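S.K.: Provided herewith: query39.cif, mmCIF, N, CA and C atoms.
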```cif
data_run
#
loop_
_atom_site.label_atom_id
_atom_site.label_comp_id
_atom_site.auth_asym_id
_atom_site.auth_seq_id
_atom_site.Cartn_x
_atom_site.Cartn_y
_atom_site.Cartn_z
N VAL A 19 79.52 -113.49 -68.07
CA VAL A 19 80.18 -113.84 -66.83
C VAL A 19 80.14 -115.35 -66.67
N GLU A 20 81.28 -115.94 -66.40
CA GLU A 20 81.37 -117.37 -66.17
C GLU A 20 81.33 -117.66 -64.67
N PRO A 21 80.56 -118.63 -64.24
CA PRO A 21 80.56 -118.99 -62.82
C PRO A 21 81.91 -119.58 -62.42
N THR A 22 82.25 -119.48 -61.16
CA THR A 22 83.46 -120.07 -60.62
C THR A 22 83.13 -121.47 -60.13
N TYR A 23 83.94 -122.45 -60.52
CA TYR A 23 83.70 -123.82 -60.10
C TYR A 23 83.89 -123.95 -58.59
N ALA A 24 82.92 -124.54 -57.91
CA ALA A 24 82.93 -124.65 -56.45
C ALA A 24 83.69 -125.87 -55.94
N GLY A 25 84.03 -126.80 -56.81
CA GLY A 25 84.81 -127.95 -56.38
C GLY A 25 84.01 -129.23 -56.17
N TYR A 26 82.74 -129.21 -56.48
CA TYR A 26 81.93 -130.41 -56.30
C TYR A 26 80.84 -130.47 -57.36
N ILE A 27 80.29 -131.67 -57.53
CA ILE A 27 79.13 -131.89 -58.37
C ILE A 27 78.00 -132.34 -57.45
N VAL A 28 76.81 -131.84 -57.69
CA VAL A 28 75.63 -132.32 -56.97
C VAL A 28 74.91 -133.28 -57.90
N TRP A 29 74.85 -134.53 -57.48
CA TRP A 29 74.07 -135.53 -58.21
C TRP A 29 72.70 -135.53 -57.57
N ARG A 30 71.67 -135.36 -58.37
CA ARG A 30 70.32 -135.32 -57.81
C ARG A 30 69.39 -136.18 -58.64
N GLY A 31 68.34 -136.61 -57.99
CA GLY A 31 67.36 -137.41 -58.69
C GLY A 31 66.03 -137.34 -57.98
N SER A 32 65.00 -137.76 -58.67
CA SER A 32 63.68 -137.83 -58.06
C SER A 32 62.88 -138.94 -58.72
N ILE A 33 61.93 -139.45 -57.96
CA ILE A 33 61.09 -140.53 -58.46
C ILE A 33 59.69 -140.37 -57.85
N PRO A 34 58.65 -140.50 -58.66
CA PRO A 34 57.29 -140.42 -58.11
C PRO A 34 57.06 -141.54 -57.08
N VAL A 35 56.38 -141.19 -56.01
CA VAL A 35 56.06 -142.16 -54.96
C VAL A 35 55.35 -143.37 -55.54
N LYS A 36 54.47 -143.14 -56.52
CA LYS A 36 53.68 -144.25 -57.09
C LYS A 36 54.55 -145.29 -57.80
N LYS A 37 55.81 -144.96 -58.12
CA LYS A 37 56.70 -145.92 -58.76
C LYS A 37 57.46 -146.78 -57.76
N LEU A 38 57.28 -146.50 -56.47
CA LEU A 38 57.98 -147.27 -55.44
C LEU A 38 57.06 -148.30 -54.81
N PRO A 39 57.60 -149.46 -54.46
CA PRO A 39 56.79 -150.41 -53.70
C PRO A 39 56.43 -149.78 -52.34
N PRO A 40 55.22 -150.01 -51.84
CA PRO A 40 54.83 -149.41 -50.55
C PRO A 40 55.80 -149.75 -49.42
N SER A 41 56.39 -150.94 -49.45
CA SER A 41 57.33 -151.32 -48.38
C SER A 41 58.57 -150.43 -48.39
N LEU A 42 59.05 -150.04 -49.58
CA LEU A 42 60.20 -149.15 -49.67
C LEU A 42 59.79 -147.73 -49.30
N GLU A 43 58.68 -147.28 -49.81
CA GLU A 43 58.23 -145.91 -49.52
C GLU A 43 58.07 -145.71 -48.02
N ALA A 44 57.65 -146.74 -47.31
CA ALA A 44 57.47 -146.64 -45.86
C ALA A 44 58.80 -146.54 -45.11
N GLN A 45 59.90 -146.99 -45.73
CA GLN A 45 61.22 -146.96 -45.07
C GLN A 45 61.92 -145.61 -45.19
N VAL A 46 61.67 -144.91 -46.27
CA VAL A 46 62.42 -143.69 -46.58
C VAL A 46 61.96 -142.55 -45.67
N GLU A 47 62.93 -141.81 -45.13
CA GLU A 47 62.61 -140.66 -44.30
C GLU A 47 63.35 -139.44 -44.81
N GLU A 48 62.68 -138.29 -44.71
CA GLU A 48 63.34 -137.05 -45.06
C GLU A 48 64.49 -136.80 -44.10
N GLY A 49 65.51 -136.12 -44.60
CA GLY A 49 66.60 -135.77 -43.71
C GLY A 49 67.85 -135.35 -44.45
N VAL A 50 68.81 -134.90 -43.67
CA VAL A 50 70.16 -134.61 -44.15
C VAL A 50 71.04 -135.68 -43.51
N TYR A 51 71.68 -136.46 -44.35
CA TYR A 51 72.50 -137.57 -43.87
C TYR A 51 73.96 -137.25 -44.17
N LYS A 52 74.82 -137.52 -43.19
CA LYS A 52 76.23 -137.18 -43.32
C LYS A 52 77.09 -138.40 -43.05
N ASP A 53 78.18 -138.47 -43.79
CA ASP A 53 79.21 -139.47 -43.53
C ASP A 53 80.54 -138.77 -43.81
N GLY A 54 81.15 -138.27 -42.76
CA GLY A 54 82.40 -137.52 -42.93
C GLY A 54 82.16 -136.28 -43.76
N ILE A 55 82.84 -136.20 -44.90
CA ILE A 55 82.71 -135.03 -45.78
C ILE A 55 81.56 -135.17 -46.78
N TYR A 56 80.83 -136.27 -46.74
CA TYR A 56 79.76 -136.51 -47.71
C TYR A 56 78.40 -136.18 -47.11
N ASP A 57 77.59 -135.46 -47.87
CA ASP A 57 76.25 -135.08 -47.44
C ASP A 57 75.24 -135.51 -48.49
N THR A 58 74.10 -135.99 -48.03
CA THR A 58 72.98 -136.30 -48.90
C THR A 58 71.72 -135.73 -48.26
N ILE A 59 70.91 -135.09 -49.06
CA ILE A 59 69.65 -134.52 -48.61
C ILE A 59 68.53 -135.30 -49.28
N VAL A 60 67.52 -135.70 -48.50
CA VAL A 60 66.37 -136.45 -49.02
C VAL A 60 65.10 -135.72 -48.61
N LEU A 61 64.24 -135.43 -49.58
CA LEU A 61 62.99 -134.73 -49.31
C LEU A 61 61.83 -135.36 -50.07
N LYS A 62 60.68 -135.38 -49.45
CA LYS A 62 59.44 -135.74 -50.14
C LYS A 62 58.77 -134.45 -50.56
N MET A 63 58.41 -134.36 -51.82
CA MET A 63 57.85 -133.12 -52.35
C MET A 63 56.51 -133.37 -53.00
N ALA A 64 55.66 -132.36 -52.96
CA ALA A 64 54.36 -132.41 -53.64
C ALA A 64 54.47 -131.64 -54.94
N LYS A 65 54.03 -132.27 -56.02
CA LYS A 65 54.01 -131.59 -57.31
C LYS A 65 52.68 -130.85 -57.47
N ASP A 66 52.66 -129.90 -58.40
CA ASP A 66 51.43 -129.13 -58.64
C ASP A 66 50.26 -130.00 -59.08
N ASN A 67 50.55 -131.15 -59.69
CA ASN A 67 49.47 -132.02 -60.15
C ASN A 67 48.92 -132.92 -59.05
N GLY A 68 49.41 -132.74 -57.81
CA GLY A 68 48.90 -133.52 -56.69
C GLY A 68 49.69 -134.77 -56.39
N GLU A 69 50.63 -135.13 -57.23
CA GLU A 69 51.46 -136.32 -56.98
C GLU A 69 52.62 -135.97 -56.06
N ASP A 70 53.03 -136.95 -55.27
CA ASP A 70 54.21 -136.80 -54.43
C ASP A 70 55.39 -137.47 -55.09
N LEU A 71 56.58 -136.95 -54.80
CA LEU A 71 57.79 -137.61 -55.27
C LEU A 71 58.87 -137.49 -54.21
N TRP A 72 59.79 -138.45 -54.25
CA TRP A 72 60.98 -138.41 -53.42
C TRP A 72 62.09 -137.82 -54.25
N THR A 73 62.85 -136.92 -53.65
CA THR A 73 63.98 -136.32 -54.34
C THR A 73 65.19 -136.34 -53.41
N PHE A 74 66.36 -136.44 -54.00
CA PHE A 74 67.58 -136.44 -53.19
C PHE A 74 68.68 -135.73 -53.96
N GLY A 75 69.67 -135.29 -53.22
CA GLY A 75 70.87 -134.71 -53.82
C GLY A 75 72.06 -135.08 -52.96
N THR A 76 73.15 -135.40 -53.60
CA THR A 76 74.37 -135.72 -52.87
C THR A 76 75.51 -134.91 -53.45
N PHE A 77 76.35 -134.39 -52.59
CA PHE A 77 77.44 -133.50 -52.97
C PHE A 77 78.73 -134.31 -53.01
N ILE A 78 79.41 -134.31 -54.17
CA ILE A 78 80.62 -135.11 -54.32
C ILE A 78 81.74 -134.23 -54.86
N ALA A 79 82.82 -134.12 -54.08
CA ALA A 79 83.99 -133.35 -54.53
C ALA A 79 84.51 -133.97 -55.83
N THR A 80 84.76 -133.11 -56.82
CA THR A 80 85.18 -133.57 -58.14
C THR A 80 86.19 -132.57 -58.69
N PRO A 81 87.39 -133.04 -59.07
CA PRO A 81 88.36 -132.12 -59.68
C PRO A 81 87.77 -131.49 -60.93
N GLU A 82 88.05 -130.22 -61.14
CA GLU A 82 87.46 -129.50 -62.26
C GLU A 82 87.75 -130.15 -63.60
N GLU A 83 88.94 -130.74 -63.75
CA GLU A 83 89.27 -131.36 -65.03
C GLU A 83 88.42 -132.61 -65.33
N GLU A 84 87.72 -133.14 -64.33
CA GLU A 84 86.86 -134.31 -64.54
C GLU A 84 85.40 -133.94 -64.79
N VAL A 85 85.05 -132.68 -64.60
CA VAL A 85 83.65 -132.26 -64.74
C VAL A 85 83.10 -132.55 -66.12
N SER A 86 83.92 -132.41 -67.15
CA SER A 86 83.43 -132.61 -68.52
C SER A 86 82.97 -134.04 -68.77
N ARG A 87 83.36 -134.98 -67.93
CA ARG A 87 82.88 -136.36 -68.06
C ARG A 87 81.39 -136.44 -67.77
N TYR A 88 80.86 -135.48 -66.98
CA TYR A 88 79.47 -135.54 -66.53
C TYR A 88 78.63 -134.37 -67.01
N TRP A 89 79.24 -133.37 -67.62
CA TRP A 89 78.54 -132.15 -67.98
C TRP A 89 79.01 -131.67 -69.35
N ASP A 90 78.07 -131.32 -70.19
CA ASP A 90 78.35 -130.83 -71.54
C ASP A 90 77.92 -129.37 -71.60
N LYS A 91 78.90 -128.45 -71.61
CA LYS A 91 78.61 -127.02 -71.56
C LYS A 91 77.70 -126.58 -72.71
N ALA A 92 77.92 -127.12 -73.90
CA ALA A 92 77.10 -126.73 -75.06
C ALA A 92 75.63 -127.11 -74.84
N ARG A 93 75.39 -128.25 -74.21
CA ARG A 93 74.02 -128.72 -73.99
C ARG A 93 73.43 -128.17 -72.69
N ASP A 94 74.24 -128.14 -71.62
CA ASP A 94 73.73 -127.82 -70.29
C ASP A 94 73.84 -126.35 -69.91
N GLY A 95 74.64 -125.57 -70.65
CA GLY A 95 74.80 -124.15 -70.33
C GLY A 95 75.88 -123.90 -69.30
N VAL A 96 76.18 -122.64 -69.10
CA VAL A 96 77.28 -122.30 -68.19
C VAL A 96 76.95 -122.54 -66.73
N SER A 97 75.67 -122.63 -66.39
CA SER A 97 75.32 -122.85 -64.98
C SER A 97 75.63 -124.28 -64.55
N ARG A 98 75.89 -125.12 -65.53
CA ARG A 98 76.27 -126.51 -65.27
C ARG A 98 75.17 -127.32 -64.62
N HIS A 99 73.93 -126.99 -64.91
CA HIS A 99 72.81 -127.78 -64.43
C HIS A 99 72.40 -128.72 -65.55
N GLY A 100 72.87 -129.93 -65.48
CA GLY A 100 72.52 -130.90 -66.50
C GLY A 100 71.34 -131.73 -66.05
N SER A 101 70.64 -132.30 -66.99
CA SER A 101 69.55 -133.19 -66.71
C SER A 101 69.59 -134.29 -67.75
N HIS A 102 69.74 -135.51 -67.31
CA HIS A 102 69.94 -136.61 -68.23
C HIS A 102 69.00 -137.75 -67.89
N LYS A 103 68.30 -138.22 -68.88
CA LYS A 103 67.33 -139.29 -68.70
C LYS A 103 67.87 -140.61 -69.25
N LYS A 104 67.39 -141.70 -68.68
CA LYS A 104 67.77 -143.02 -69.13
C LYS A 104 67.51 -143.16 -70.63
N GLY A 105 68.48 -143.72 -71.34
CA GLY A 105 68.32 -143.94 -72.76
C GLY A 105 68.77 -142.79 -73.63
N GLU A 106 69.24 -141.70 -73.02
CA GLU A 106 69.73 -140.59 -73.83
C GLU A 106 70.99 -141.01 -74.57
N GLU A 107 71.26 -140.33 -75.64
CA GLU A 107 72.41 -140.64 -76.46
C GLU A 107 73.72 -140.50 -75.70
N ASN A 108 73.87 -139.48 -74.89
CA ASN A 108 75.11 -139.24 -74.16
C ASN A 108 75.09 -140.00 -72.84
N THR A 109 75.44 -141.26 -72.87
CA THR A 109 75.36 -142.08 -71.67
C THR A 109 76.49 -141.81 -70.69
N SER A 110 77.50 -141.04 -71.08
CA SER A 110 78.56 -140.72 -70.13
C SER A 110 78.05 -139.83 -69.00
N THR A 111 76.89 -139.24 -69.16
CA THR A 111 76.37 -138.34 -68.14
C THR A 111 75.27 -138.99 -67.31
N THR A 112 74.93 -140.23 -67.56
CA THR A 112 73.99 -140.92 -66.69
C THR A 112 74.80 -141.49 -65.53
N SER A 113 74.19 -142.29 -64.71
CA SER A 113 74.85 -142.79 -63.51
C SER A 113 76.17 -143.49 -63.82
N PRO A 114 77.27 -142.97 -63.28
CA PRO A 114 78.55 -143.65 -63.49
C PRO A 114 78.61 -144.95 -62.69
N GLU A 115 79.50 -145.84 -63.11
CA GLU A 115 79.62 -147.15 -62.46
C GLU A 115 79.83 -147.05 -60.95
N TRP A 116 80.57 -146.07 -60.49
CA TRP A 116 80.93 -145.96 -59.08
C TRP A 116 79.79 -145.41 -58.20
N PHE A 117 78.74 -144.87 -58.81
CA PHE A 117 77.73 -144.14 -58.05
C PHE A 117 77.01 -145.01 -57.02
N ARG A 118 76.54 -146.17 -57.43
CA ARG A 118 75.83 -147.06 -56.49
C ARG A 118 76.76 -147.51 -55.36
N GLN A 119 78.01 -147.80 -55.69
CA GLN A 119 78.98 -148.21 -54.67
C GLN A 119 79.22 -147.09 -53.67
N TYR A 120 79.30 -145.86 -54.17
CA TYR A 120 79.46 -144.69 -53.30
C TYR A 120 78.30 -144.63 -52.30
N PHE A 121 77.08 -144.77 -52.79
CA PHE A 121 75.93 -144.69 -51.89
C PHE A 121 75.93 -145.83 -50.89
N GLN A 122 76.22 -147.02 -51.32
CA GLN A 122 76.24 -148.16 -50.41
C GLN A 122 77.29 -147.96 -49.32
N ARG A 123 78.47 -147.50 -49.71
CA ARG A 123 79.59 -147.33 -48.77
C ARG A 123 79.29 -146.21 -47.75
N HIS A 124 78.74 -145.09 -48.20
CA HIS A 124 78.59 -143.95 -47.31
C HIS A 124 77.21 -143.82 -46.67
N PHE A 125 76.19 -144.41 -47.27
CA PHE A 125 74.84 -144.21 -46.75
C PHE A 125 74.05 -145.52 -46.63
N GLY A 126 74.74 -146.64 -46.70
CA GLY A 126 74.07 -147.94 -46.60
C GLY A 126 73.37 -148.16 -45.27
N GLN A 127 73.76 -147.42 -44.25
CA GLN A 127 73.15 -147.56 -42.92
C GLN A 127 71.83 -146.81 -42.80
N VAL A 128 71.49 -145.97 -43.78
CA VAL A 128 70.25 -145.18 -43.73
C VAL A 128 69.11 -146.03 -44.31
N PRO A 129 68.11 -146.37 -43.50
CA PRO A 129 67.03 -147.23 -43.99
C PRO A 129 66.37 -146.68 -45.26
N GLY A 130 66.31 -147.52 -46.28
CA GLY A 130 65.60 -147.19 -47.50
C GLY A 130 66.34 -146.30 -48.48
N LEU A 131 67.46 -145.67 -48.09
CA LEU A 131 68.10 -144.71 -48.98
C LEU A 131 68.75 -145.36 -50.19
N VAL A 132 69.51 -146.42 -50.00
CA VAL A 132 70.16 -147.06 -51.15
C VAL A 132 69.12 -147.65 -52.11
N PRO A 133 68.08 -148.34 -51.62
CA PRO A 133 67.04 -148.81 -52.56
C PRO A 133 66.32 -147.66 -53.27
N LEU A 134 66.13 -146.51 -52.59
CA LEU A 134 65.52 -145.35 -53.24
C LEU A 134 66.40 -144.85 -54.38
N VAL A 135 67.70 -144.75 -54.12
CA VAL A 135 68.64 -144.31 -55.16
C VAL A 135 68.65 -145.31 -56.30
N ASP A 136 68.68 -146.61 -55.98
CA ASP A 136 68.64 -147.64 -57.04
C ASP A 136 67.39 -147.49 -57.90
N ALA A 137 66.24 -147.31 -57.27
CA ALA A 137 64.98 -147.17 -58.02
C ALA A 137 65.02 -145.92 -58.89
N THR A 138 65.61 -144.85 -58.38
CA THR A 138 65.71 -143.61 -59.14
C THR A 138 66.60 -143.79 -60.35
N ILE A 139 67.73 -144.46 -60.16
CA ILE A 139 68.64 -144.74 -61.29
C ILE A 139 67.95 -145.61 -62.33
N GLU A 140 67.29 -146.66 -61.86
CA GLU A 140 66.62 -147.59 -62.79
C GLU A 140 65.52 -146.91 -63.58
N SER A 141 64.87 -145.92 -62.97
CA SER A 141 63.79 -145.23 -63.67
C SER A 141 64.33 -144.14 -64.61
N GLY A 142 65.66 -143.91 -64.55
CA GLY A 142 66.28 -142.93 -65.43
C GLY A 142 66.13 -141.50 -64.97
N GLU A 143 65.92 -141.29 -63.69
CA GLU A 143 65.66 -139.95 -63.18
C GLU A 143 66.82 -139.37 -62.37
N LEU A 144 68.04 -139.85 -62.60
CA LEU A 144 69.21 -139.29 -61.89
C LEU A 144 69.77 -138.16 -62.70
#
```
Could you take the file, read its structure, and then write that structure out as structure tokens?
M.R.:
Amino acid sequence: VEPTYAGYIVWRGSIPVKKLPPSLEAQVEEGVYKDGIYDTIVLKMAKDNGEDLWTFGTFIATPEEEVSRYWDKARDGVSRHGSHKKGEENTSTTSPEWFRQYFQRHFGQVPGLVPLVDATIESGEL
């Protein structure tokens, strides 16, 4: 059975709290942030090893014919849950050029969110 494409891609990332400067970590707040049709969810989570991490997900409408630019069915499976780390061979699936601009434009008013996303991208955890 093949899943039906829902019309969007969820870009998600996480970064351990210990990788953030304390000044940034103090700015970030959990929440659901909206800008028109765009939603981003930010959560602080506890891992089983006792470490905390910040995680986020943002939902972006994407035409189905463009999905293959970000997802490789042979590698990621039919569920379309890809996971790509900085430095991987397939760089087309890491942060696209427009991603940071998207966050700045739609969520730049949320304290700490754009720097959190930047730190997550830089650490290769998007």
S.K.: Give me, as a ChimeraX atom specification, all polymer residues having an atom no more than 5 Å from range 38-50 of chain A, counting all atoms listed in the file and skipping those fewer than 6 positions away in the same chain.
M.R.: /A:58-61,129-130
S.K.: Applied to the shown file, which residues does the PyMOL selection byres ((chain A and resi 29) around 7) return, written as a list in words?
M.R.: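 Written out, the selection comes to Ile27, Val28, Arg30, Gly31, Phe74, Gly75, Thr76, Phe77, Ile78 and Leu144 of chain A.
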S.K.: Given all atoms listed in the file as the basis, pick out the residue of A:Ser113, A:Glu82, A:Lys37, A:Ala92 nearest to Tyr23 in chain A.
M.R.: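 Going through A:Ser113, A:Glu82, A:Lys37, A:Ala92 one by one, the smallest distance to Tyr23 in chain A is for A:Glu82.
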S.K.: So what does the PyMOL selection byres (((chain A and resi 124 and name CA) around 9) and name CA) actually pick up in this one, as JSON, numbers by chain?
M.R.: {"A": [52, 53, 54, 56, 119, 120, 121, 122, 123, 125, 126, 127]}
S.K.: Under the rule that only C-alpha atoms are counted, which of A:Val35, A:Ala79, A:Glu20, A:Tyr51 is the nearest residue to Val128 in chain A?
M.R.: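 Once distances to Val128 in chain A are computed over only C-alpha atoms, the minimum belongs to A:Tyr51.
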S.K.: Give me, please, the distance in Å between CA of Glu115 in chain A and CA of Ser86 in chain A, quoted to one decimal.
M.R.: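 Separation between CA of Glu115 in chain A and CA of Ser86 in chain A: 16.2 Å.
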S.K.: Between CA of Pro133 in chain A and CA of Pro34 in chain A, what is the distance, to one decimal in Å?
M.R.: 14.0 Å
S.K.: So how far away is atom N of Arg118 in chain A from atom N of Ile33 in chain A, in Å?
M.R.: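 We find that atom N of Ile33 in chain A and atom N of Arg118 in chain A lie 16.1 Å from each other.
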S.K.: Between A:Pro21, A:Asp57, A:Tyr26, A:Lys62, which one has atoms that come closest to Glu83 in chain A, using only C-alpha atoms?
M.R.: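 The shortest atom-to-atom distance to Glu83 in chain A comes from A:Tyr26.
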S.K.: Run DSSP on the backbone and grab whatever in chain A lands in strand (DSSP E); send it over as a PyMOL selection string.
M.R.: chain A and resi 26-34+49-53+56-64+70-79
S.K.: DSSP on the backbone, helix (DSSP H, G or I) only: what residues of chain A does that give? Format it as a ChimeraX atom specification.
M.R.: /A:35-37,40-45,82-87,91-94,109-111,116-125,131-140
